[in-house]
$ cat query.cif   # mmCIF, C-alpha atoms
data_run
#
loop_
_atom_site.group_PDB
_atom_site.id
_atom_site.type_symbol
_atom_site.label_atom_id
_atom_site.label_comp_id
_atom_site.auth_asym_id
_atom_site.auth_seq_id
_atom_site.Cartn_x
_atom_site.Cartn_y
_atom_site.Cartn_z
ATOM 1 C CA MET E 1 0.000 0.000 0.000
ATOM 2 C CA ASP E 2 1.017 3.637 -0.449
ATOM 3 C CA LEU E 3 0.886 5.789 2.660
ATOM 4 C CA GLU E 4 -1.601 8.617 2.073
ATOM 5 C CA LEU E 5 -2.740 11.690 3.996
ATOM 6 C CA ARG E 6 -5.897 9.877 5.103
ATOM 7 C CA HIS E 7 -3.734 7.244 6.783
ATOM 8 C CA LEU E 8 -1.854 9.938 8.683
ATOM 9 C CA ARG E 9 -5.171 11.407 9.845
ATOM 10 C CA VAL E 10 -6.258 7.992 11.115
ATOM 11 C CA LEU E 11 -3.069 7.657 13.159
ATOM 12 C CA CYS E 12 -3.491 11.164 14.619
ATOM 13 C CA ALA E 13 -7.147 10.492 15.463
ATOM 14 C CA ILE E 14 -6.229 7.290 17.318
ATOM 15 C CA ALA E 15 -3.458 9.067 19.228
ATOM 16 C CA ASP E 16 -5.689 12.030 20.116
ATOM 17 C CA THR E 17 -8.593 9.915 21.370
ATOM 18 C CA GLY E 18 -6.558 7.087 22.907
ATOM 19 C CA SER E 19 -8.888 4.494 21.408
ATOM 20 C CA VAL E 20 -9.514 2.923 18.016
ATOM 21 C CA GLY E 21 -13.257 2.983 18.690
ATOM 22 C CA ARG E 22 -13.345 6.666 19.639
ATOM 23 C CA ALA E 23 -11.118 7.518 16.679
ATOM 24 C CA ALA E 24 -13.509 5.699 14.351
ATOM 25 C CA ALA E 25 -16.426 7.726 15.719
ATOM 26 C CA ALA E 26 -14.450 10.963 15.355
ATOM 27 C CA ILE E 27 -13.609 10.375 11.690
ATOM 28 C CA GLY E 28 -16.991 8.890 10.790
ATOM 29 C CA ALA E 29 -15.802 5.312 10.146
ATOM 30 C CA SER E 30 -16.608 1.942 11.683
ATOM 31 C CA GLN E 31 -14.370 0.465 14.368
ATOM 32 C CA PRO E 32 -13.601 -2.723 12.366
ATOM 33 C CA ALA E 33 -12.599 -0.659 9.316
ATOM 34 C CA THR E 34 -10.387 1.592 11.431
ATOM 35 C CA SER E 35 -8.746 -1.403 13.147
ATOM 36 C CA THR E 36 -8.072 -3.010 9.754
ATOM 37 C CA GLN E 37 -6.599 0.216 8.425
ATOM 38 C CA LEU E 38 -4.334 0.554 11.466
ATOM 39 C CA ARG E 39 -3.032 -3.004 10.981
ATOM 40 C CA ARG E 40 -2.298 -2.282 7.310
ATOM 41 C CA ILE E 41 -0.448 0.930 8.209
ATOM 42 C CA GLU E 42 1.632 -0.862 10.832
ATOM 43 C CA ARG E 43 2.466 -3.658 8.380
ATOM 44 C CA HIS E 44 3.538 -1.041 5.829
ATOM 45 C CA LEU E 45 5.739 0.741 8.386
ATOM 46 C CA GLY E 46 7.165 -2.525 9.666
ATOM 47 C CA ALA E 47 6.612 -1.785 13.370
ATOM 48 C CA MET E 48 3.859 -1.191 15.902
ATOM 49 C CA VAL E 49 2.664 2.411 16.139
ATOM 50 C CA PHE E 50 0.473 1.823 19.198
ATOM 51 C CA GLU E 51 0.679 -0.398 22.234
ATOM 52 C CA ARG E 52 -2.634 -1.879 23.363
ATOM 53 C CA THR E 53 -3.431 -1.445 27.084
ATOM 54 C CA ALA E 54 -6.436 -2.129 29.294
ATOM 55 C CA ALA E 55 -7.426 1.549 29.087
ATOM 56 C CA GLY E 56 -6.949 1.933 25.320
ATOM 57 C CA VAL E 57 -3.893 2.527 23.160
ATOM 58 C CA VAL E 58 -0.733 4.582 23.649
ATOM 59 C CA PRO E 59 1.997 5.345 21.088
ATOM 60 C CA THR E 60 5.143 3.230 21.131
ATOM 61 C CA THR E 61 8.505 4.990 20.966
ATOM 62 C CA PHE E 62 8.500 4.408 17.216
ATOM 63 C CA GLY E 63 4.866 5.523 17.068
ATOM 64 C CA ALA E 64 5.659 8.832 18.765
ATOM 65 C CA GLU E 65 8.170 9.573 16.005
ATOM 66 C CA VAL E 66 5.659 8.610 13.316
ATOM 67 C CA LEU E 67 2.975 10.812 14.859
ATOM 68 C CA ALA E 68 5.285 13.807 15.137
ATOM 69 C CA ALA E 69 6.135 13.465 11.446
ATOM 70 C CA ALA E 70 2.479 12.924 10.513
ATOM 71 C CA ARG E 71 1.362 16.080 12.304
ATOM 72 C CA GLU E 72 4.102 18.085 10.634
ATOM 73 C CA VAL E 73 3.123 16.771 7.181
ATOM 74 C CA LEU E 74 -0.568 17.518 7.750
ATOM 75 C CA ALA E 75 0.200 21.012 8.994
ATOM 76 C CA ARG E 76 2.381 21.682 5.936
ATOM 77 C CA VAL E 77 -0.315 20.405 3.594
ATOM 78 C CA ASP E 78 -2.840 22.657 5.278
ATOM 79 C CA ARG E 79 -0.575 25.669 4.861
ATOM 80 C CA LEU E 80 -0.009 24.758 1.233
ATOM 81 C CA GLY E 81 -3.745 24.638 0.633
ATOM 82 C CA ASP E 82 -4.098 28.150 2.004
ATOM 83 C CA ALA E 83 -1.314 29.592 -0.140
ATOM 84 C CA VAL E 84 -2.258 32.272 -2.643
ATOM 85 C CA ALA E 85 -1.660 30.863 -6.115
ATOM 86 C CA ALA E 86 -0.657 34.213 -7.600
ATOM 87 C CA ASN E 87 2.422 34.849 -5.482
ATOM 88 C CA GLY E 88 2.751 31.913 -3.131
ATOM 89 C CA GLU E 89 2.187 34.035 -0.011
ATOM 90 C CA ARG E 90 0.073 32.761 2.861
ATOM 91 C CA PRO E 91 -2.936 34.953 3.594
ATOM 92 C CA HIS E 92 -3.824 35.917 7.122
ATOM 93 C CA ARG E 93 -7.084 34.270 8.149
ATOM 94 C CA GLU E 94 -9.269 35.197 11.088
ATOM 95 C CA LEU E 95 -11.402 32.576 12.764
ATOM 96 C CA ARG E 96 -14.268 33.537 15.053
ATOM 97 C CA VAL E 97 -14.073 31.420 18.214
ATOM 98 C CA ALA E 98 -16.845 30.616 20.684
ATOM 99 C CA THR E 99 -16.160 28.634 23.829
ATOM 100 C CA GLY E 100 -17.980 26.949 26.650
ATOM 101 C CA CYS E 101 -14.569 25.680 27.872
ATOM 102 C CA PRO E 102 -12.476 28.739 28.792
ATOM 103 C CA ALA E 103 -9.899 26.496 30.487
ATOM 104 C CA LEU E 104 -8.980 24.899 27.142
ATOM 105 C CA LEU E 105 -8.933 28.049 25.042
ATOM 106 C CA PRO E 106 -5.468 29.551 25.800
ATOM 107 C CA GLY E 107 -3.610 26.280 25.330
ATOM 108 C CA THR E 108 -5.500 25.419 22.158
ATOM 109 C CA LEU E 109 -4.867 28.777 20.505
ATOM 110 C CA ALA E 110 -1.208 28.949 21.574
ATOM 111 C CA ARG E 111 -0.444 25.498 20.153
ATOM 112 C CA THR E 112 -2.314 26.253 16.939
ATOM 113 C CA ARG E 113 -0.350 29.480 16.423
ATOM 114 C CA GLN E 114 2.903 27.543 16.685
ATOM 115 C CA LEU E 115 1.927 25.405 13.702
ATOM 116 C CA ARG E 116 -0.192 27.955 11.839
ATOM 117 C CA PRO E 117 1.212 31.424 12.585
ATOM 118 C CA GLU E 118 -0.863 32.998 9.793
ATOM 119 C CA ILE E 119 -4.115 32.200 11.622
ATOM 120 C CA ARG E 120 -5.720 34.962 13.680
ATOM 121 C CA PHE E 121 -8.470 34.412 16.230
ATOM 122 C CA SER E 122 -11.271 36.625 17.509
ATOM 123 C CA LEU E 123 -13.753 35.773 20.259
ATOM 124 C CA THR E 124 -17.485 35.952 19.618
ATOM 125 C CA ALA E 125 -19.554 38.140 21.902
ATOM 126 C CA GLY E 126 -21.844 35.367 23.090
ATOM 127 C CA PRO E 127 -23.063 31.798 22.511
ATOM 128 C CA ASP E 128 -25.640 32.891 19.920
ATOM 129 C CA GLU E 129 -23.177 34.856 17.777
ATOM 130 C CA PRO E 130 -21.898 33.381 14.476
ATOM 131 C CA PHE E 131 -18.653 31.424 14.859
ATOM 132 C CA ASP E 132 -16.202 29.387 12.797
ATOM 133 C CA LEU E 133 -14.809 27.295 15.642
ATOM 134 C CA ALA E 134 -16.074 26.404 19.109
ATOM 135 C CA LEU E 135 -14.928 24.489 22.164
ATOM 136 C CA ALA E 136 -17.987 23.198 23.976
ATOM 137 C CA LEU E 137 -19.163 20.977 26.811
ATOM 138 C CA ASP E 138 -21.660 18.386 25.630
ATOM 139 C CA HIS E 139 -24.088 16.727 28.031
ATOM 140 C CA PRO E 140 -27.573 15.221 27.634
ATOM 141 C CA ASP E 141 -29.335 18.610 27.852
ATOM 142 C CA SER E 142 -26.827 20.688 25.879
ATOM 143 C CA GLY E 143 -28.665 20.533 22.564
ATOM 144 C CA LEU E 144 -25.305 20.221 20.792
ATOM 145 C CA ARG E 145 -25.800 18.354 17.528
ATOM 146 C CA PRO E 146 -23.883 18.279 14.223
ATOM 147 C CA THR E 147 -25.790 19.800 11.302
ATOM 148 C CA PRO E 148 -25.231 20.033 7.530
ATOM 149 C CA THR E 149 -23.241 23.229 8.181
ATOM 150 C CA LEU E 150 -21.551 22.266 11.482
ATOM 151 C CA ALA E 151 -19.287 19.307 12.250
ATOM 152 C CA ALA E 152 -18.014 18.024 15.601
ATOM 153 C CA ARG E 153 -15.252 15.822 17.035
ATOM 154 C CA VAL E 154 -15.060 14.621 20.622
ATOM 155 C CA LEU E 155 -11.896 15.680 22.471
ATOM 156 C CA ALA E 156 -12.491 13.733 25.679
ATOM 157 C CA THR E 157 -15.238 12.102 27.730
ATOM 158 C CA GLU E 158 -15.122 12.299 31.512
ATOM 159 C CA PRO E 159 -17.363 12.079 34.590
ATOM 160 C CA VAL E 160 -18.824 14.992 36.524
ATOM 161 C CA PHE E 161 -17.414 15.500 40.044
ATOM 162 C CA VAL E 162 -18.634 17.557 42.993
ATOM 163 C CA ALA E 163 -16.729 20.503 44.488
ATOM 164 C CA LEU E 164 -17.212 20.873 48.262
ATOM 165 C CA PRO E 165 -15.782 23.145 50.971
ATOM 166 C CA ALA E 166 -12.667 21.663 52.556
ATOM 167 C CA ALA E 167 -14.459 21.422 55.936
ATOM 168 C CA HIS E 168 -17.593 19.749 54.519
ATOM 169 C CA PRO E 169 -19.046 16.869 56.628
ATOM 170 C CA LEU E 170 -18.481 14.502 53.674
ATOM 171 C CA ARG E 171 -14.824 15.473 53.304
ATOM 172 C CA HIS E 172 -13.666 11.999 54.392
ATOM 173 C CA HIS E 173 -15.924 10.166 51.919
ATOM 174 C CA ALA E 174 -13.945 8.989 48.901
ATOM 175 C CA GLU E 175 -17.043 9.031 46.680
ATOM 176 C CA PRO E 176 -20.124 10.717 48.162
ATOM 177 C CA ALA E 177 -23.469 9.841 46.605
ATOM 178 C CA LEU E 178 -25.429 12.565 44.889
ATOM 179 C CA ALA E 179 -28.389 11.683 47.121
ATOM 180 C CA ASP E 180 -26.224 12.457 50.196
ATOM 181 C CA LEU E 181 -26.016 16.066 48.998
ATOM 182 C CA ALA E 182 -29.781 16.660 49.004
ATOM 183 C CA GLY E 183 -29.541 19.588 51.410
ATOM 184 C CA GLU E 184 -26.863 21.475 49.506
ATOM 185 C CA THR E 185 -27.276 24.833 47.834
ATOM 186 C CA TRP E 186 -25.936 24.353 44.316
ATOM 187 C CA LEU E 187 -23.926 27.271 42.985
ATOM 188 C CA LEU E 188 -23.917 27.405 39.198
ATOM 189 C CA PRO E 189 -22.811 29.814 36.475
ATOM 190 C CA ALA E 190 -25.545 31.798 34.775
ATOM 191 C CA ALA E 191 -26.992 30.323 31.577
ATOM 192 C CA ASP E 192 -24.326 30.351 28.869
ATOM 193 C CA GLY E 193 -26.104 28.574 26.039
ATOM 194 C CA THR E 194 -25.095 25.063 27.149
ATOM 195 C CA ALA E 195 -28.046 24.416 29.513
ATOM 196 C CA TRP E 196 -25.604 23.324 32.232
ATOM 197 C CA PRO E 197 -27.761 24.692 35.109
ATOM 198 C CA VAL E 198 -30.783 22.790 33.763
ATOM 199 C CA PHE E 199 -28.718 19.612 33.534
ATOM 200 C CA VAL E 200 -27.426 19.959 37.109
ATOM 201 C CA ARG E 201 -30.843 20.752 38.577
ATOM 202 C CA ALA E 202 -32.467 17.765 36.819
ATOM 203 C CA ALA E 203 -29.688 15.393 37.913
ATOM 204 C CA CYS E 204 -29.829 16.494 41.553
ATOM 205 C CA GLU E 205 -33.607 16.363 41.748
ATOM 206 C CA SER E 206 -33.640 12.920 40.132
ATOM 207 C CA ALA E 207 -31.140 11.613 42.704
ATOM 208 C CA THR E 208 -32.789 13.197 45.749
ATOM 209 C CA ALA E 209 -36.418 12.813 44.622
ATOM 210 C CA LYS E 210 -37.232 16.359 45.701
ATOM 211 C CA PRO E 211 -36.604 19.978 44.635
ATOM 212 C CA VAL E 212 -33.127 21.322 45.264
ATOM 213 C CA ALA E 213 -31.844 24.843 45.931
ATOM 214 C CA VAL E 214 -29.990 26.263 42.926
ATOM 215 C CA SER E 215 -28.326 29.679 42.735
ATOM 216 C CA GLN E 216 -27.313 30.814 39.250
ATOM 217 C CA LEU E 217 -24.600 33.438 39.490
ATOM 218 C CA PRO E 218 -22.985 35.741 36.895
ATOM 219 C CA TYR E 219 -19.556 34.215 37.515
ATOM 220 C CA GLY E 220 -17.211 31.681 35.969
ATOM 221 C CA GLN E 221 -16.195 28.360 37.485
ATOM 222 C CA ARG E 222 -13.160 29.807 39.274
ATOM 223 C CA GLU E 223 -15.214 32.480 41.067
ATOM 224 C CA ILE E 224 -17.854 29.902 41.962
ATOM 225 C CA GLN E 225 -15.169 27.673 43.491
ATOM 226 C CA ASP E 226 -14.147 30.639 45.657
ATOM 227 C CA LEU E 227 -17.742 30.811 46.928
ATOM 228 C CA VAL E 228 -17.694 27.064 47.572
ATOM 229 C CA ALA E 229 -14.478 27.514 49.578
ATOM 230 C CA ALA E 230 -16.292 30.127 51.663
ATOM 231 C CA GLY E 231 -18.897 27.511 52.594
ATOM 232 C CA LEU E 232 -21.777 29.050 50.617
ATOM 233 C CA GLY E 233 -22.692 25.879 48.741
ATOM 234 C CA ALA E 234 -21.434 23.154 46.415
ATOM 235 C CA THR E 235 -21.105 22.862 42.660
ATOM 236 C CA LEU E 236 -20.732 20.183 40.002
ATOM 237 C CA VAL E 237 -17.684 20.446 37.752
ATOM 238 C CA PRO E 238 -15.980 18.512 34.948
ATOM 239 C CA ALA E 239 -13.604 15.983 36.506
ATOM 240 C CA SER E 240 -10.578 17.671 34.901
ATOM 241 C CA THR E 241 -11.250 20.936 36.780
ATOM 242 C CA PRO E 242 -8.257 21.915 38.957
ATOM 243 C CA PRO E 243 -9.223 22.528 42.605
ATOM 244 C CA ALA E 244 -9.124 26.019 44.119
ATOM 245 C CA ALA E 245 -7.713 26.654 47.593
ATOM 246 C CA GLY E 246 -10.149 25.507 50.271
ATOM 247 C CA VAL E 247 -12.073 23.245 47.864
ATOM 248 C CA LEU E 248 -12.240 19.447 47.656
ATOM 249 C CA ILE E 249 -13.232 17.941 44.308
ATOM 250 C CA LYS E 250 -14.552 14.417 44.692
ATOM 251 C CA PRO E 251 -15.999 11.765 42.374
ATOM 252 C CA LEU E 252 -19.638 10.848 42.816
ATOM 253 C CA LEU E 253 -20.576 7.317 43.786
ATOM 254 C CA GLY E 254 -21.246 5.272 40.667
ATOM 255 C CA ALA E 255 -20.198 8.134 38.335
ATOM 256 C CA PRO E 256 -23.845 8.918 37.457
ATOM 257 C CA LEU E 257 -23.092 12.000 35.335
ATOM 258 C CA TRP E 258 -20.792 12.313 32.328
ATOM 259 C CA LEU E 259 -19.940 14.984 29.791
ATOM 260 C CA ARG E 260 -17.815 15.437 26.683
ATOM 261 C CA TYR E 261 -15.418 18.121 25.518
ATOM 262 C CA VAL E 262 -16.191 18.786 21.856
ATOM 263 C CA LEU E 263 -14.533 20.655 19.010
ATOM 264 C CA LEU E 264 -17.247 22.177 16.802
ATOM 265 C CA TRP E 265 -16.581 23.948 13.502
ATOM 266 C CA ARG E 266 -18.300 25.430 10.481
ATOM 267 C CA ARG E 267 -17.664 23.079 7.569
ATOM 268 C CA ALA E 268 -17.285 25.889 5.043
ATOM 269 C CA ALA E 269 -14.648 27.687 7.148
ATOM 270 C CA LEU E 270 -12.180 24.904 8.033
ATOM 271 C CA GLY E 271 -10.538 22.275 5.856
ATOM 272 C CA PRO E 272 -9.637 18.772 7.091
ATOM 273 C CA ALA E 273 -5.953 19.514 7.724
ATOM 274 C CA LEU E 274 -6.687 22.649 9.741
ATOM 275 C CA VAL E 275 -9.282 20.702 11.736
ATOM 276 C CA ASP E 276 -6.604 18.086 12.488
ATOM 277 C CA THR E 277 -4.246 20.821 13.683
ATOM 278 C CA LEU E 278 -6.911 22.375 15.924
ATOM 279 C CA PHE E 279 -8.029 18.999 17.240
ATOM 280 C CA GLY E 280 -4.474 18.028 18.151
ATOM 281 C CA ALA E 281 -3.925 21.392 19.856
ATOM 282 C CA ALA E 282 -7.178 21.142 21.811
ATOM 283 C CA THR E 283 -6.456 17.552 22.835
ATOM 284 C CA ALA E 284 -3.016 18.556 24.118
ATOM 285 C CA ALA E 285 -4.614 21.458 26.025
ATOM 286 C CA TYR E 286 -7.097 19.041 27.600
ATOM 287 C CA ARG E 287 -4.339 16.663 28.672
ATOM 288 C CA GLU E 288 -2.463 19.553 30.258
ATOM 289 C CA LEU E 289 -5.634 20.590 32.101
ATOM 290 C CA ALA E 290 -6.308 17.033 33.296
ATOM 291 C CA ALA E 291 -2.716 16.705 34.517
ATOM 292 C CA GLY E 292 -3.514 19.377 37.122
ATOM 293 C CA ALA E 293 -6.487 17.417 38.499
ATOM 294 C CA PRO E 294 -5.120 14.802 40.976
ATOM 295 C CA HIS E 295 -8.669 13.772 41.950
ATOM 296 C CA LEU E 296 -9.280 12.618 38.357
ATOM 297 C CA HIS E 297 -6.112 10.516 38.266
ATOM 298 C CA SER E 298 -6.875 8.984 41.656
ATOM 299 C CA TRP E 299 -10.397 8.061 40.560
ATOM 300 C CA ALA E 300 -9.209 6.646 37.223
ATOM 301 C CA SER E 301 -6.512 4.517 38.887
ATOM 302 C CA ARG E 302 -9.140 2.947 41.139
ATOM 303 C CA THR E 303 -11.830 2.589 38.495
ATOM 304 C CA PHE E 304 -9.752 1.315 35.592
ATOM 305 C CA ARG E 305 -7.203 -0.795 37.456
ATOM 306 C CA PRO E 306 -6.403 -3.866 35.299
ATOM 307 C CA PRO E 307 -7.648 -7.138 36.809
ATOM 308 C CA ARG E 308 -5.095 -9.295 38.592
ATOM 309 C CA THR E 309 -3.929 -12.352 36.725
#

$ encode --input "query.cif" --output "structure tokens"
Amino acid sequence: MDLELRHLRVLCAIADTGSVGRAAAAIGASQPATSTQLRRIERHLGAMVFERTAAGVVPTTFGAEVLAAAREVLARVDRLGDAVAANGERPHRELRVATGCPALLPGTLARTRQLRPEIRFSLTAGPDEPFDLALALDHPDSGLRPTPTLAARVLATEPVFVALPAAHPLRHHAEPALADLAGETWLLPAADGTAWPVFVRAACESATAKPVAVSQLPYGQREIQDLVAAGLGATLVPASTPPAAGVLIKPLLGAPLWLRYVLLWRRAALGPALVDTLFGAATAAYRELAAGAPHLHSWASRTFRPPRT
């Protein structure tokens, strides 16, 4: 077989998602077809690109070198596609960016600029403004769906944890149940277009079988964690959220709530190679964010520990 750009994109998708199955979903292919393609690529290269583990796949030493080269090739192809035919110069492009994940935005844009310095970014004024690119949190009530004009790729899937004051009565519980928090006042950011407050209220009321107290505040997650630290209530957060001083972030018993980080883009504005560059940058930003969340690593090590043989 001849190694083609589509093969490089398959390898990058597998590396970014950490799973052949999730990579298949991200690129719109079946898992068996993606597994077959990976085997053919590895036979062509003469060595394993990924090592299979209980939690998914990770690049081998050889695979890391292949992936670095693949990303460089894809980035160069993308730049070539943007070149102006008349004089060979690269035009400056501006992409309008919307985000429901402020924590991922700086790292994503900084990494993208390293590979695509001609790209400029501007932030949209609000969730209902037109955009070319978005980082979003997807959950059952988000309403986030691909359309004929919008496409999406999942960056990561993770559980929802609870943030409690450091002196909370449940501070010694490794995994408190959502029903144990029935008397809490839930502090949530004001509606931002993702329906997160609606999702949290419905989840809490379903678990406790009665109405719960919810305060929607015109603040971001960091400011809300400061209020949690002051003992004014609790909040639900993505598991990769770093803890603020005076706050304990704990998994919920049974991991009843999950969400996804999603890259969303306007099909007419972004080509496949640029999407690959942005996806890789956003995935790296997510991994950096998750690295600062020891509660997530502790939970994952307990939950996904390989069985003893």

$ atom_distance --input "query.cif" --atom1 "atom CA of E:Gly107" --atom2 "atom CA of E:Leu217"
26.3 Å

$ closest_residue --input "query.cif" --among "E:Leu3, E:Pro165, E:Gly18, E:Pro32" --to "E:Ala54" --atoms "only C-alpha atoms"
E:Gly18

$ resolve_selection --input "query.cif" --expression "the PyMOL selection byres ((chain E and resi 213) around 10)" --output "number ranges by chain"
E: 182-187, 201, 204-205, 211-212, 214-215, 233

$ write_last_selection --input "query.cif" --atoms "C-alpha atoms" --output "CSV table (one decimal), keeping the file's coordinate frame"
chain,number,residue,atom,x,y,z
E,182,ALA,CA,-29.8,16.7,49.0
E,183,GLY,CA,-29.5,19.6,51.4
E,184,GLU,CA,-26.9,21.5,49.5
E,185,THR,CA,-27.3,24.8,47.8
E,186,TRP,CA,-25.9,24.4,44.3
E,187,LEU,CA,-23.9,27.3,43.0
E,201,ARG,CA,-30.8,20.8,38.6
E,204,CYS,CA,-29.8,16.5,41.6
E,205,GLU,CA,-33.6,16.4,41.7
E,211,PRO,CA,-36.6,20.0,44.6
E,212,VAL,CA,-33.1,21.3,45.3
E,214,VAL,CA,-30.0,26.3,42.9
E,215,SER,CA,-28.3,29.7,42.7
E,233,GLY,CA,-22.7,25.9,48.7

$ residues_around --input "query.cif" --residues "E:Ala47" --least-positions-apart "5" --cutoff "12 Å" --atoms "all atoms listed in the file" --output "PyMOL selection string"
chain E and resi 38-42+59-66

$ resolve_selection --input "query.cif" --expression "the PyMOL selection byres ((chain E and resi 297-303) around 12)" --output "ChimeraX atom specification"
/E:54-55,158-161,174-175,239-242,249-255,287,289-296,304-307

$ decode --input "query.cif" --residues "stretch 55-69 of chain E" --atoms "N, CA, C and O atoms" --output "PDB file, in the first residue's frame"
ATOM      1  N   ALA E  55      -6.672   0.295  29.164  1.00  0.00           N
ATOM      2  CA  ALA E  55      -7.426   1.549  29.087  1.00  0.00           C
ATOM      3  C   ALA E  55      -7.537   2.082  27.667  1.00  0.00           C
ATOM      4  O   ALA E  55      -8.198   3.086  27.442  1.00  0.00           O
ATOM      5  N   GLY E  56      -6.896   1.438  26.689  1.00  0.00           N
ATOM      6  CA  GLY E  56      -6.949   1.933  25.320  1.00  0.00           C
ATOM      7  C   GLY E  56      -5.633   1.678  24.609  1.00  0.00           C
ATOM      8  O   GLY E  56      -5.059   0.590  24.737  1.00  0.00           O
ATOM      9  N   VAL E  57      -5.165   2.670  23.864  1.00  0.00           N
ATOM     10  CA  VAL E  57      -3.893   2.527  23.160  1.00  0.00           C
ATOM     11  C   VAL E  57      -3.015   3.731  23.456  1.00  0.00           C
ATOM     12  O   VAL E  57      -3.508   4.834  23.674  1.00  0.00           O
ATOM     13  N   VAL E  58      -1.709   3.509  23.467  1.00  0.00           N
ATOM     14  CA  VAL E  58      -0.733   4.582  23.649  1.00  0.00           C
ATOM     15  C   VAL E  58       0.361   4.390  22.596  1.00  0.00           C
ATOM     16  O   VAL E  58       0.675   3.257  22.213  1.00  0.00           O
ATOM     17  N   PRO E  59       0.954   5.482  22.103  1.00  0.00           N
ATOM     18  CA  PRO E  59       1.997   5.345  21.088  1.00  0.00           C
ATOM     19  C   PRO E  59       3.228   4.631  21.640  1.00  0.00           C
ATOM     20  O   PRO E  59       3.627   4.821  22.788  1.00  0.00           O
ATOM     21  N   THR E  60       3.836   3.789  20.809  1.00  0.00           N
ATOM     22  CA  THR E  60       5.143   3.230  21.131  1.00  0.00           C
ATOM     23  C   THR E  60       6.198   4.313  20.894  1.00  0.00           C
ATOM     24  O   THR E  60       5.892   5.403  20.413  1.00  0.00           O
ATOM     25  N   THR E  61       7.440   4.018  21.240  1.00  0.00           N
ATOM     26  CA  THR E  61       8.505   4.990  20.966  1.00  0.00           C
ATOM     27  C   THR E  61       8.588   5.281  19.473  1.00  0.00           C
ATOM     28  O   THR E  61       8.701   6.443  19.055  1.00  0.00           O
ATOM     29  N   PHE E  62       8.520   4.229  18.664  1.00  0.00           N
ATOM     30  CA  PHE E  62       8.500   4.408  17.216  1.00  0.00           C
ATOM     31  C   PHE E  62       7.255   5.184  16.792  1.00  0.00           C
ATOM     32  O   PHE E  62       7.316   6.069  15.937  1.00  0.00           O
ATOM     33  N   GLY E  63       6.111   4.853  17.418  1.00  0.00           N
ATOM     34  CA  GLY E  63       4.866   5.523  17.068  1.00  0.00           C
ATOM     35  C   GLY E  63       4.901   7.008  17.345  1.00  0.00           C
ATOM     36  O   GLY E  63       4.343   7.807  16.581  1.00  0.00           O
ATOM     37  N   ALA E  64       5.555   7.405  18.440  1.00  0.00           N
ATOM     38  CA  ALA E  64       5.659   8.832  18.765  1.00  0.00           C
ATOM     39  C   ALA E  64       6.403   9.580  17.662  1.00  0.00           C
ATOM     40  O   ALA E  64       6.038  10.709  17.301  1.00  0.00           O
ATOM     41  N   GLU E  65       7.434   8.944  17.103  1.00  0.00           N
ATOM     42  CA  GLU E  65       8.170   9.573  16.005  1.00  0.00           C
ATOM     43  C   GLU E  65       7.310   9.666  14.755  1.00  0.00           C
ATOM     44  O   GLU E  65       7.310  10.681  14.050  1.00  0.00           O
ATOM     45  N   VAL E  66       6.552   8.604  14.479  1.00  0.00           N
ATOM     46  CA  VAL E  66       5.659   8.610  13.316  1.00  0.00           C
ATOM     47  C   VAL E  66       4.605   9.701  13.455  1.00  0.00           C
ATOM     48  O   VAL E  66       4.312  10.443  12.507  1.00  0.00           O
ATOM     49  N   LEU E  67       4.039   9.826  14.638  1.00  0.00           N
ATOM     50  CA  LEU E  67       2.975  10.812  14.859  1.00  0.00           C
ATOM     51  C   LEU E  67       3.504  12.233  14.745  1.00  0.00           C
ATOM     52  O   LEU E  67       2.828  13.108  14.189  1.00  0.00           O
ATOM     53  N   ALA E  68       4.701  12.471  15.261  1.00  0.00           N
ATOM     54  CA  ALA E  68       5.285  13.807  15.137  1.00  0.00           C
ATOM     55  C   ALA E  68       5.474  14.172  13.668  1.00  0.00           C
ATOM     56  O   ALA E  68       5.161  15.292  13.237  1.00  0.00           O
ATOM     57  N   ALA E  69       5.958  13.214  12.872  1.00  0.00           N
ATOM     58  CA  ALA E  69       6.135  13.465  11.446  1.00  0.00           C
ATOM     59  C   ALA E  69       4.798  13.644  10.750  1.00  0.00           C
ATOM     60  O   ALA E  69       4.642  14.511   9.871  1.00  0.00           O
TER      61      ALA E  69
END
